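One file, entry_18.cif, carrying mmCIF, C-alpha atoms:
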```
data_upload
loop_
_atom_site.label_atom_id
_atom_site.label_comp_id
_atom_site.auth_asym_id
_atom_site.auth_seq_id
_atom_site.Cartn_x
_atom_site.Cartn_y
_atom_site.Cartn_z
CA MET A 1 5.59 9.46 17.70
CA SER A 2 3.82 11.07 20.60
CA GLU A 3 5.37 8.59 23.03
CA THR A 4 8.90 9.82 22.46
CA GLN A 5 7.78 13.41 22.69
CA VAL A 6 6.06 12.76 25.96
CA GLN A 7 9.14 10.99 27.24
CA THR A 8 11.57 13.78 26.42
CA GLY A 9 11.35 14.94 30.02
CA HIS A 10 12.68 11.54 31.18
CA PRO A 11 15.79 10.61 29.21
CA GLU A 12 16.32 7.35 31.11
CA ALA A 13 12.91 6.08 30.05
CA GLU A 14 13.60 6.65 26.38
CA LYS A 15 15.55 3.51 25.62
CA PRO A 16 12.97 0.90 26.67
CA GLN A 17 10.48 2.70 24.42
CA PHE A 18 12.62 1.91 21.43
CA TYR A 19 12.78 -1.76 22.33
CA LEU A 20 9.02 -1.78 22.63
CA THR A 21 8.52 -0.43 19.11
CA GLU A 22 11.09 -2.89 17.81
CA ASP A 23 9.07 -5.70 19.36
CA HIS A 24 6.42 -5.35 16.68
CA HIS A 25 8.91 -5.74 13.93
CA PRO A 26 9.28 -9.52 13.40
CA GLU A 27 5.55 -9.98 12.87
CA GLY A 28 5.45 -7.44 10.08
CA SER A 29 8.69 -8.44 8.43
CA THR A 30 7.36 -11.92 7.61
CA MET A 31 4.72 -10.28 5.47
CA LEU A 32 7.26 -8.01 3.81
CA GLY A 33 9.64 -10.91 3.22
CA PHE A 34 6.90 -13.01 1.71
CA TRP A 35 5.91 -10.09 -0.47
CA LEU A 36 9.50 -9.89 -1.72
CA TYR A 37 9.37 -13.63 -2.52
CA LEU A 38 6.18 -13.02 -4.50
CA MET A 39 7.89 -10.22 -6.40
CA SER A 40 10.75 -12.57 -7.32
CA ASP A 41 8.16 -15.11 -8.43
CA CYS A 42 6.64 -12.33 -10.48
CA LEU A 43 9.97 -12.00 -12.30
CA ILE A 44 9.94 -15.73 -13.14
CA PHE A 45 6.53 -15.31 -14.70
CA ALA A 46 7.63 -12.13 -16.48
CA VAL A 47 10.45 -14.06 -18.14
CA LEU A 48 8.05 -16.84 -19.16
CA PHE A 49 5.58 -14.28 -20.49
CA ALA A 50 8.37 -12.62 -22.46
CA THR A 51 9.37 -16.01 -23.89
CA HIS A 52 5.81 -16.69 -24.92
CA GLY A 53 5.54 -13.20 -26.37
CA VAL A 54 8.58 -13.92 -28.54
CA LEU A 55 7.79 -17.52 -29.50
CA GLY A 56 4.00 -17.40 -29.39
CA ARG A 57 3.63 -17.00 -33.16
CA ASN A 58 6.13 -19.68 -34.20
CA TYR A 59 3.78 -22.52 -35.05
CA ALA A 60 6.30 -24.57 -37.12
CA ALA A 61 3.47 -25.27 -39.59
CA GLY A 62 1.57 -26.80 -36.66
CA PRO A 63 -1.72 -25.86 -35.00
CA SER A 64 -2.36 -22.24 -33.95
CA PRO A 65 -4.10 -21.10 -30.75
CA ALA A 66 -7.35 -20.59 -32.65
CA ASP A 67 -7.27 -24.30 -33.64
CA LEU A 68 -6.42 -25.56 -30.17
CA PHE A 69 -7.89 -23.42 -27.41
CA ASP A 70 -11.37 -24.04 -26.12
CA LEU A 71 -12.36 -20.65 -24.72
CA PRO A 72 -15.46 -21.85 -22.77
CA ILE A 73 -13.19 -24.18 -20.76
CA VAL A 74 -10.74 -21.32 -20.18
CA ALA A 75 -13.62 -19.11 -19.03
CA LEU A 76 -14.77 -21.84 -16.63
CA ASN A 77 -11.21 -22.20 -15.36
CA THR A 78 -10.96 -18.45 -14.79
CA ALA A 79 -14.27 -18.50 -12.90
CA MET A 80 -13.00 -21.33 -10.66
CA LEU A 81 -9.87 -19.41 -9.73
CA LEU A 82 -11.86 -16.22 -9.14
CA PHE A 83 -14.31 -18.08 -6.88
CA SER A 84 -11.42 -19.59 -4.96
CA SER A 85 -10.01 -16.09 -4.45
CA ILE A 86 -13.19 -14.74 -2.93
CA THR A 87 -13.72 -17.85 -0.76
CA TYR A 88 -10.18 -17.46 0.57
CA GLY A 89 -11.13 -13.88 1.37
CA PHE A 90 -14.10 -15.21 3.36
CA ALA A 91 -11.76 -17.59 5.19
CA MET A 92 -9.58 -14.63 6.16
CA LEU A 93 -12.61 -12.69 7.41
CA GLN A 94 -13.68 -15.68 9.54
CA MET A 95 -10.11 -15.95 10.83
CA GLU A 96 -10.36 -12.30 11.90
CA ARG A 97 -13.53 -13.11 13.83
CA GLY A 98 -11.76 -16.08 15.42
CA ASP A 99 -14.24 -18.63 14.07
CA LYS A 100 -12.17 -21.77 13.57
CA VAL A 101 -14.86 -24.00 12.04
CA ALA A 102 -15.98 -21.37 9.53
CA THR A 103 -12.35 -20.67 8.58
CA LEU A 104 -11.77 -24.36 7.92
CA PHE A 105 -14.99 -24.55 5.91
CA TRP A 106 -14.02 -21.67 3.60
CA LEU A 107 -10.48 -23.01 3.26
CA ALA A 108 -11.95 -26.35 2.17
CA VAL A 109 -14.19 -24.60 -0.38
CA THR A 110 -11.12 -22.74 -1.67
CA GLY A 111 -9.26 -26.02 -1.99
CA VAL A 112 -12.12 -27.60 -3.93
CA PHE A 113 -12.22 -24.70 -6.41
CA GLY A 114 -8.44 -24.88 -6.76
CA ALA A 115 -8.63 -28.63 -7.40
CA ILE A 116 -11.34 -28.13 -10.06
CA PHE A 117 -9.13 -25.51 -11.72
CA LEU A 118 -6.20 -27.92 -11.72
CA GLY A 119 -8.35 -30.78 -13.01
CA LEU A 120 -9.62 -28.69 -15.92
CA GLU A 121 -6.09 -27.60 -16.76
CA LEU A 122 -4.78 -31.16 -16.70
CA TYR A 123 -7.72 -32.23 -18.87
CA GLU A 124 -6.83 -29.48 -21.35
CA PHE A 125 -3.16 -30.50 -21.35
CA SER A 126 -3.91 -34.19 -21.89
CA HIS A 127 -6.37 -33.26 -24.63
CA LEU A 128 -3.71 -31.18 -26.40
CA ILE A 129 -1.06 -33.87 -26.10
CA HIS A 130 -3.55 -36.47 -27.32
CA GLU A 131 -4.22 -34.31 -30.38
CA GLY A 132 -0.51 -34.31 -31.14
CA ALA A 133 -0.06 -30.75 -29.90
CA GLY A 134 2.37 -31.54 -27.11
CA PRO A 135 5.18 -29.29 -25.90
CA THR A 136 7.55 -30.72 -28.53
CA ARG A 137 5.34 -29.81 -31.50
CA SER A 138 6.36 -26.16 -31.94
CA ALA A 139 8.03 -23.25 -30.17
CA PHE A 140 4.60 -21.79 -29.50
CA LEU A 141 3.49 -24.96 -27.70
CA SER A 142 6.78 -25.26 -25.77
CA SER A 143 6.43 -21.78 -24.34
CA PHE A 144 2.70 -22.29 -23.76
CA PHE A 145 3.21 -25.49 -21.75
CA THR A 146 6.08 -23.94 -19.79
CA LEU A 147 4.15 -20.81 -18.83
CA VAL A 148 0.78 -22.39 -18.06
CA GLY A 149 2.47 -25.45 -16.53
CA THR A 150 4.50 -23.28 -14.16
CA HIS A 151 1.33 -21.54 -13.05
CA GLY A 152 -0.37 -24.91 -12.58
CA LEU A 153 2.58 -26.11 -10.52
CA HIS A 154 2.23 -23.06 -8.30
CA VAL A 155 -1.46 -23.84 -7.80
CA THR A 156 -0.58 -27.47 -6.99
CA PHE A 157 1.82 -26.40 -4.27
CA GLY A 158 -0.70 -23.82 -3.08
CA ILE A 159 -3.24 -26.62 -2.57
CA ILE A 160 -0.69 -28.76 -0.72
CA TRP A 161 0.08 -25.76 1.49
CA LEU A 162 -3.64 -25.16 1.99
CA ILE A 163 -4.23 -28.75 3.15
CA THR A 164 -1.23 -28.54 5.47
CA LEU A 165 -2.56 -25.36 7.03
CA MET A 166 -6.04 -26.84 7.39
CA ALA A 167 -4.52 -29.71 9.38
CA GLN A 168 -2.53 -27.19 11.46
CA VAL A 169 -5.59 -25.05 12.19
CA ALA A 170 -7.73 -28.10 12.99
CA LYS A 171 -5.12 -29.39 15.42
CA ARG A 172 -3.86 -26.21 17.07
CA GLY A 173 -6.51 -23.61 16.38
CA LEU A 174 -6.13 -20.04 15.18
CA ILE A 175 -2.92 -19.33 17.09
CA PRO A 176 -0.80 -16.33 15.99
CA GLU A 177 1.59 -18.60 14.03
CA ASN A 178 -1.26 -20.11 12.04
CA ARG A 179 -2.78 -16.68 11.42
CA ARG A 180 0.55 -15.52 10.02
CA ARG A 181 0.80 -18.61 7.81
CA LEU A 182 -2.76 -18.16 6.58
CA MET A 183 -1.98 -14.55 5.70
CA CYS A 184 1.07 -15.65 3.69
CA LEU A 185 -0.96 -18.24 1.82
CA SER A 186 -3.62 -15.59 1.22
CA MET A 187 -1.07 -13.40 -0.53
CA PHE A 188 0.24 -16.41 -2.50
CA TRP A 189 -3.23 -17.46 -3.60
CA HIS A 190 -4.34 -13.99 -4.69
CA PHE A 191 -1.01 -13.52 -6.43
CA LEU A 192 -1.63 -16.68 -8.50
CA ASP A 193 -4.98 -15.23 -9.50
CA VAL A 194 -3.20 -12.04 -10.63
CA VAL A 195 -0.82 -14.13 -12.76
CA TRP A 196 -3.77 -16.01 -14.23
CA ILE A 197 -5.26 -12.68 -15.39
CA GLY A 198 -2.12 -12.25 -17.48
CA VAL A 199 -2.36 -15.85 -18.75
CA PHE A 200 -5.93 -15.74 -19.93
CA SER A 201 -5.59 -12.25 -21.42
CA PHE A 202 -2.23 -12.60 -23.08
CA VAL A 203 -1.97 -16.32 -23.89
CA TYR A 204 -5.53 -17.48 -24.53
CA LEU A 205 -7.54 -14.44 -25.65
CA MET A 206 -4.75 -12.73 -27.60
CA GLY A 207 -3.72 -16.13 -29.00
CA VAL A 208 -7.18 -16.92 -30.31
CA LEU A 209 -7.40 -13.38 -31.66
CA GLY A 210 -4.33 -14.17 -33.75
CA MET B 1 0.27 15.81 18.38
CA SER B 2 2.50 18.01 20.50
CA SER B 3 1.59 17.33 24.10
CA HIS B 4 2.90 19.45 26.91
CA PRO B 5 6.08 18.02 28.35
CA ASN B 6 5.19 19.21 31.83
CA ALA B 7 1.75 17.74 32.15
CA PRO B 8 2.50 14.46 33.91
CA SER B 9 -1.06 13.73 34.93
CA HIS B 10 -2.13 13.45 31.30
CA ALA B 11 0.88 11.66 29.91
CA PRO B 12 0.26 8.05 31.07
CA ALA B 13 -3.37 7.98 29.96
CA HIS B 14 -2.56 9.42 26.60
CA GLU B 15 0.35 7.10 26.13
CA SER B 16 -1.58 3.94 26.88
CA ALA B 17 -4.41 5.06 24.63
CA SER B 18 -2.12 5.73 21.71
CA HIS B 19 -0.35 2.45 22.36
CA ALA B 20 -3.56 0.47 22.28
CA HIS B 21 -4.53 2.20 19.08
CA HIS B 22 -1.18 1.41 17.55
CA GLY B 23 -1.53 -2.28 18.34
CA HIS B 24 -5.00 -2.32 16.89
CA SER B 25 -4.11 -0.65 13.62
CA HIS B 26 -1.06 -2.84 13.23
CA GLY B 27 -3.16 -5.97 13.23
CA HIS B 28 -5.60 -4.59 10.71
CA GLU B 29 -3.64 -2.62 8.19
CA ALA B 30 -1.37 -5.53 7.32
CA ALA B 31 -3.47 -7.77 5.12
CA HIS B 32 -7.16 -7.58 5.80
CA GLY B 33 -10.20 -6.33 4.04
CA THR B 34 -13.83 -6.18 4.98
CA PHE B 35 -16.67 -8.27 3.57
CA ARG B 36 -17.71 -5.22 1.59
CA SER B 37 -14.26 -4.63 0.05
CA TYR B 38 -13.94 -8.31 -0.92
CA MET B 39 -17.37 -8.24 -2.58
CA ILE B 40 -16.56 -5.02 -4.46
CA GLY B 41 -13.32 -6.57 -5.68
CA PHE B 42 -15.10 -9.76 -6.68
CA ALA B 43 -17.87 -7.94 -8.58
CA LEU B 44 -15.33 -5.77 -10.42
CA SER B 45 -13.25 -8.87 -11.27
CA VAL B 46 -16.25 -10.73 -12.67
CA ILE B 47 -17.15 -7.75 -14.87
CA LEU B 48 -13.55 -7.20 -15.98
CA THR B 49 -13.19 -10.92 -16.82
CA ALA B 50 -16.52 -11.24 -18.61
CA ILE B 51 -15.97 -8.28 -20.95
CA PRO B 52 -12.73 -9.50 -22.63
CA PHE B 53 -14.10 -13.06 -23.05
CA TRP B 54 -17.27 -11.59 -24.56
CA LEU B 55 -15.25 -9.35 -26.88
CA VAL B 56 -13.20 -12.27 -28.23
CA MET B 57 -15.80 -15.06 -28.22
CA GLY B 58 -18.59 -12.86 -29.58
CA GLY B 59 -16.37 -11.17 -32.15
CA VAL B 60 -17.79 -7.80 -31.14
CA PHE B 61 -15.29 -5.58 -32.94
CA ASP B 62 -14.20 -6.07 -36.53
CA SER B 63 -10.77 -4.66 -35.77
CA LYS B 64 -8.40 -7.14 -34.14
CA LEU B 65 -6.20 -4.30 -32.94
CA LEU B 66 -9.08 -2.66 -31.10
CA THR B 67 -10.06 -5.97 -29.45
CA ALA B 68 -6.45 -6.65 -28.44
CA PHE B 69 -6.21 -3.16 -26.98
CA PHE B 70 -9.34 -3.71 -24.88
CA VAL B 71 -8.30 -7.22 -23.75
CA MET B 72 -4.89 -6.06 -22.53
CA GLY B 73 -6.25 -2.81 -21.08
CA LEU B 74 -8.98 -4.57 -19.09
CA GLY B 75 -6.40 -7.14 -17.95
CA VAL B 76 -4.23 -4.38 -16.51
CA VAL B 77 -7.25 -2.79 -14.80
CA GLN B 78 -8.21 -6.16 -13.29
CA ILE B 79 -4.68 -6.69 -11.99
CA VAL B 80 -4.91 -3.32 -10.23
CA VAL B 81 -8.32 -4.29 -8.80
CA HIS B 82 -6.86 -7.55 -7.44
CA MET B 83 -3.88 -5.71 -5.96
CA VAL B 84 -6.10 -3.22 -4.14
CA TYR B 85 -9.07 -5.36 -3.02
CA PHE B 86 -7.53 -8.83 -2.55
CA LEU B 87 -3.85 -8.18 -1.84
CA HIS B 88 -4.68 -4.98 0.10
CA MET B 89 -1.89 -2.98 -1.49
CA ASN B 90 -1.64 0.58 -0.28
CA PRO B 91 1.23 3.03 -0.01
CA ARG B 92 1.24 2.79 3.80
CA SER B 93 1.54 -0.97 4.44
CA GLU B 94 4.92 -2.01 5.90
CA GLY B 95 5.99 1.63 5.88
CA GLY B 96 5.74 1.82 2.10
CA TRP B 97 8.20 -1.00 1.44
CA THR B 98 5.73 -3.33 -0.23
CA MET B 99 4.78 -0.57 -2.64
CA MET B 100 8.47 0.19 -3.23
CA ALA B 101 9.20 -3.48 -4.00
CA LEU B 102 6.18 -3.63 -6.28
CA ILE B 103 7.24 -0.56 -8.25
CA PHE B 104 10.77 -1.92 -8.58
CA THR B 105 9.41 -5.26 -9.82
CA LEU B 106 7.09 -3.54 -12.28
CA VAL B 107 10.04 -1.61 -13.71
CA LEU B 108 12.01 -4.85 -14.12
CA VAL B 109 9.01 -6.61 -15.66
CA GLY B 110 8.52 -3.70 -18.04
CA ILE B 111 12.16 -3.78 -19.12
CA THR B 112 12.07 -7.58 -19.52
CA LEU B 113 8.88 -7.68 -21.55
CA ALA B 114 9.39 -4.61 -23.69
CA GLY B 115 13.10 -5.33 -24.21
CA SER B 116 12.57 -8.98 -25.19
CA LEU B 117 9.77 -8.21 -27.61
CA TRP B 118 11.60 -5.25 -29.12
CA VAL B 119 14.95 -7.01 -29.61
CA MET B 120 13.46 -10.27 -30.84
CA HIS B 121 11.13 -8.47 -33.22
CA HIS B 122 14.13 -6.78 -34.83
CA LEU B 123 15.98 -10.07 -35.01
CA ASN B 124 12.97 -11.69 -36.63
CA THR B 125 12.57 -9.04 -39.28
CA ASN B 126 16.26 -8.59 -40.03
CA MET B 127 17.39 -12.20 -39.89
CA MET B 128 14.61 -14.09 -41.58
CA PRO B 129 15.59 -17.52 -42.94
CA MET B 130 17.12 -17.01 -46.36
CA SER B 131 16.66 -18.95 -49.55
CA PRO B 132 19.82 -20.33 -51.21
CA GLU B 133 19.32 -17.69 -53.91
CA MET B 134 19.45 -14.88 -51.35
CA MET B 135 22.42 -16.52 -49.67
CA LYS B 136 24.38 -16.42 -52.92
CA ASN B 137 23.87 -12.68 -53.24
CA MET B 138 25.04 -11.95 -49.70
CA PRO B 139 27.91 -9.49 -49.53
#
```

Can the structure in the file be given as C-alpha cells, please?
Amino acid sequence: MSETQVQTGHPEAEKPQFYLTEDHHPEGSTMLGFWLYLMSDCLIFAVLFATHGVLGRNYAAGPSPADLFDLPIVALNTAMLLFSSITYGFAMLQMERGDKVATLFWLAVTGVFGAIFLGLELYEFSHLIHEGAGPTRSAFLSSFFTLVGTHGLHVTFGIIWLITLMAQVAKRGLIPENRRRLMCLSMFWHFLDVVWIGVFSFVYLMGVLG
Amino acid sequence: MSSHPNAPSHAPAHESASHAHHGHSHGHEAAHGTFRSYMIGFALSVILTAIPFWLVMGGVFDSKLLTAFFVMGLGVVQIVVHMVYFLHMNPRSEGGWTMMALIFTLVLVGITLAGSLWVMHHLNTNMMPMSPEMMKNMP
C-alpha cells in the first residue's frame, strides 16, 4: 500500500510496481487452488455422510453397529491418525528451519502412523466381511463401507503421495517446489484427520449409541 | 501509513523495508504454525477425542440424547480446533478467499445434510411398507 503512495510523485514508475506485486501471485494461488479442491472433496464426504445418515438405521434384520463395532480399535485408529497429524506438523516445522534430514524423519514417522491406521482399518473390514457383515448385507453396511472406505482410499493415496515427496526431497532437497508440494500434502493430511473426526463421532460413536 | 510525497531521501529506505517485510510475512502467513501452536492443537484434540469415547464406552450418561448431543458438539469443536491449529485457517490468509470458500462449502454441506435427513425422514414416516390389509383400504 505504502509503495504506491510513495510512488505517486513518479507516474512512470507506477506500472513496474504492479508487476512486482503480481509476481507473488502464482505461489499463493496454488494453496488457494488446493484449498478449493479440498472443499470439493469435503462435498463428496458430505454426500456420503448424508447417505449414511439416511441409511444408517436400515439393518435389514442384520447386525447393528453395537453388535459389530469394536470401539477400542476405533479409539486406537483415531489416536494413530492424530499422532500422524502432529508428526506431519513437526515435519513442516523442520522444513521451515531447512533441516532436510529431520523433515524426512518426521515424514517417515507420519507415513508409519498412516500405514498403521490403514492396517487397522483393513483388519476391521476383513473381520466384518468374515463375520458375514459385508457391504452387501444391509443398507447400513453399504453406506458404512462406502463412507469409511472412501476415507481409507484417501489415506492410501496420501501415503503414496507422502512416499513420492520423500523421494523428491531426498533427491532434490527442500527446493521451493518441494516446499509447496509438502504444504499441499500438509493440508490434505490434516483435512483427512478433520473428516475422520466426523467418521468416528457420527458413524462409530453415534452408531454404537443406537 | 501516509508518507510525505516530497521526502525523497526517506522513500527508498522505507520502501525496501516494507518490501522485505512483505516477503517475510507472505512466507509465514500461508500455512505455518509454531511448535507451540501445534502442541496446543494436539493437546486440545486429544482431550476432545478422549471425552466422547469415554462418554460412550463408559456409559456416563443415562440419556442417549444427552450423550449424542455431547458427542456431536465435541466433534464440531474438534473440527474447529483442527482448522485453526493444523490447517491454519484465519480470515486473512489468501486475502480472505480460503475463509470465503470454507463458508460457502459449509453452507452447501449444511443444506445437503439437513435437507437429506429432513426429506428422507418424512419419506420414511409417511411411506412405510404397508401390509396387504392396509393396501386394500387405500383410497

Could you tell me how far atom CA of A:His130 lies from atom CA of A:Thr150, in Å and to one decimal?
-> 20.3 Å

Separation of atom CA of A:Ile163 and atom CA of A:Thr78, in Å?
->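 Answer for the atom CA of A:Ile163 to atom CA of A:Thr78 separation: 21.8 Å.
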
Nearby residues (only C-alpha atoms) at most 12 Å from A:Val112, same-chain spacing under 5 positions excluded, as an mmCIF file with C-alpha atoms, in the frame of the given file:
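Once written, around.cif looks like this:
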```
data_model
loop_
_atom_site.group_PDB
_atom_site.id
_atom_site.type_symbol
_atom_site.label_atom_id
_atom_site.label_comp_id
_atom_site.auth_asym_id
_atom_site.auth_seq_id
_atom_site.Cartn_x
_atom_site.Cartn_y
_atom_site.Cartn_z
ATOM 1 C CA MET A 80 -13.000 -21.330 -10.660
ATOM 2 C CA LEU A 81 -9.870 -19.410 -9.730
ATOM 3 C CA PHE A 83 -14.310 -18.080 -6.880
ATOM 4 C CA SER A 84 -11.420 -19.590 -4.960
ATOM 5 C CA SER A 85 -10.010 -16.090 -4.450
ATOM 6 C CA THR A 87 -13.720 -17.850 -0.760
ATOM 7 C CA TYR A 88 -10.180 -17.460 0.570
ATOM 8 C CA PHE A 105 -14.990 -24.550 5.910
ATOM 9 C CA TRP A 106 -14.020 -21.670 3.600
ATOM 10 C CA LEU A 107 -10.480 -23.010 3.260
ATOM 11 C CA PHE A 117 -9.130 -25.510 -11.720
ATOM 12 C CA LEU A 118 -6.200 -27.920 -11.720
ATOM 13 C CA GLY A 119 -8.350 -30.780 -13.010
ATOM 14 C CA VAL A 155 -1.460 -23.840 -7.800
ATOM 15 C CA THR A 156 -0.580 -27.470 -6.990
ATOM 16 C CA ILE A 159 -3.240 -26.620 -2.570
ATOM 17 C CA ILE A 160 -0.690 -28.760 -0.720
ATOM 18 C CA LEU A 162 -3.640 -25.160 1.990
ATOM 19 C CA ILE A 163 -4.230 -28.750 3.150
#
```

d(atom CA of B:Leu123, atom CA of A:Leu55) in Å =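 Taking atom CA of B:Leu123 and atom CA of A:Leu55, their separation equals 12.4 Å.
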
Excluding B:Met39 and residues on its chain fewer than 4 positions from it, collect all residues at most 12 Å away from it, counting all atoms listed in the file, and give them as a list in words.
->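 Using all atoms listed in the file, the neighbours found are Leu82, Phe83, Ser85, Ile86, Thr87, Gly89, Phe90 and Leu93 of chain A; Gly33, Thr34, Phe35, Ala43, Leu44, Ser45, Val46, Val81, His82, Tyr85 and Phe86 of chain B.
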
Please report as JSON, numbers by chain which residues of chain A come no farther than 6 Å from chain B, using only C-alpha atoms.
-> {"A": [6, 46, 50, 54, 194]}

Applied to this file, what does the PyMOL selection byres ((chain A and resi 196) around 10) return in terms of residues, put as a list of chain:residue names?
->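 This file gives the following for the PyMOL selection byres ((chain A and resi 196) around 10): A:Asn77, A:Thr78, A:Leu81, A:Leu82, A:Val148, A:His151, A:Gly152, A:His190, A:Phe191, A:Leu192, A:Asp193, A:Val194, A:Val195, A:Ile197, A:Gly198, A:Val199, A:Phe200, A:Ser201, A:Phe202, A:Val203, B:Gly75, B:Ile79.
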
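Between A:Met31 and the residues A:Ala133, A:Met183, A:Phe113, A:Val47, the shortest atom-to-atom distance, using all atoms listed in the file, involves A:Met183.
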
Name every residue that the PyMOL selection byres ((chain A and resi 101) around 12) selects in this structure, writing the answer as a PyMOL selection string with chains first and numbers rising.
-> chain A and resi 91+94-95+97-100+102-108+166+169-171+173-174
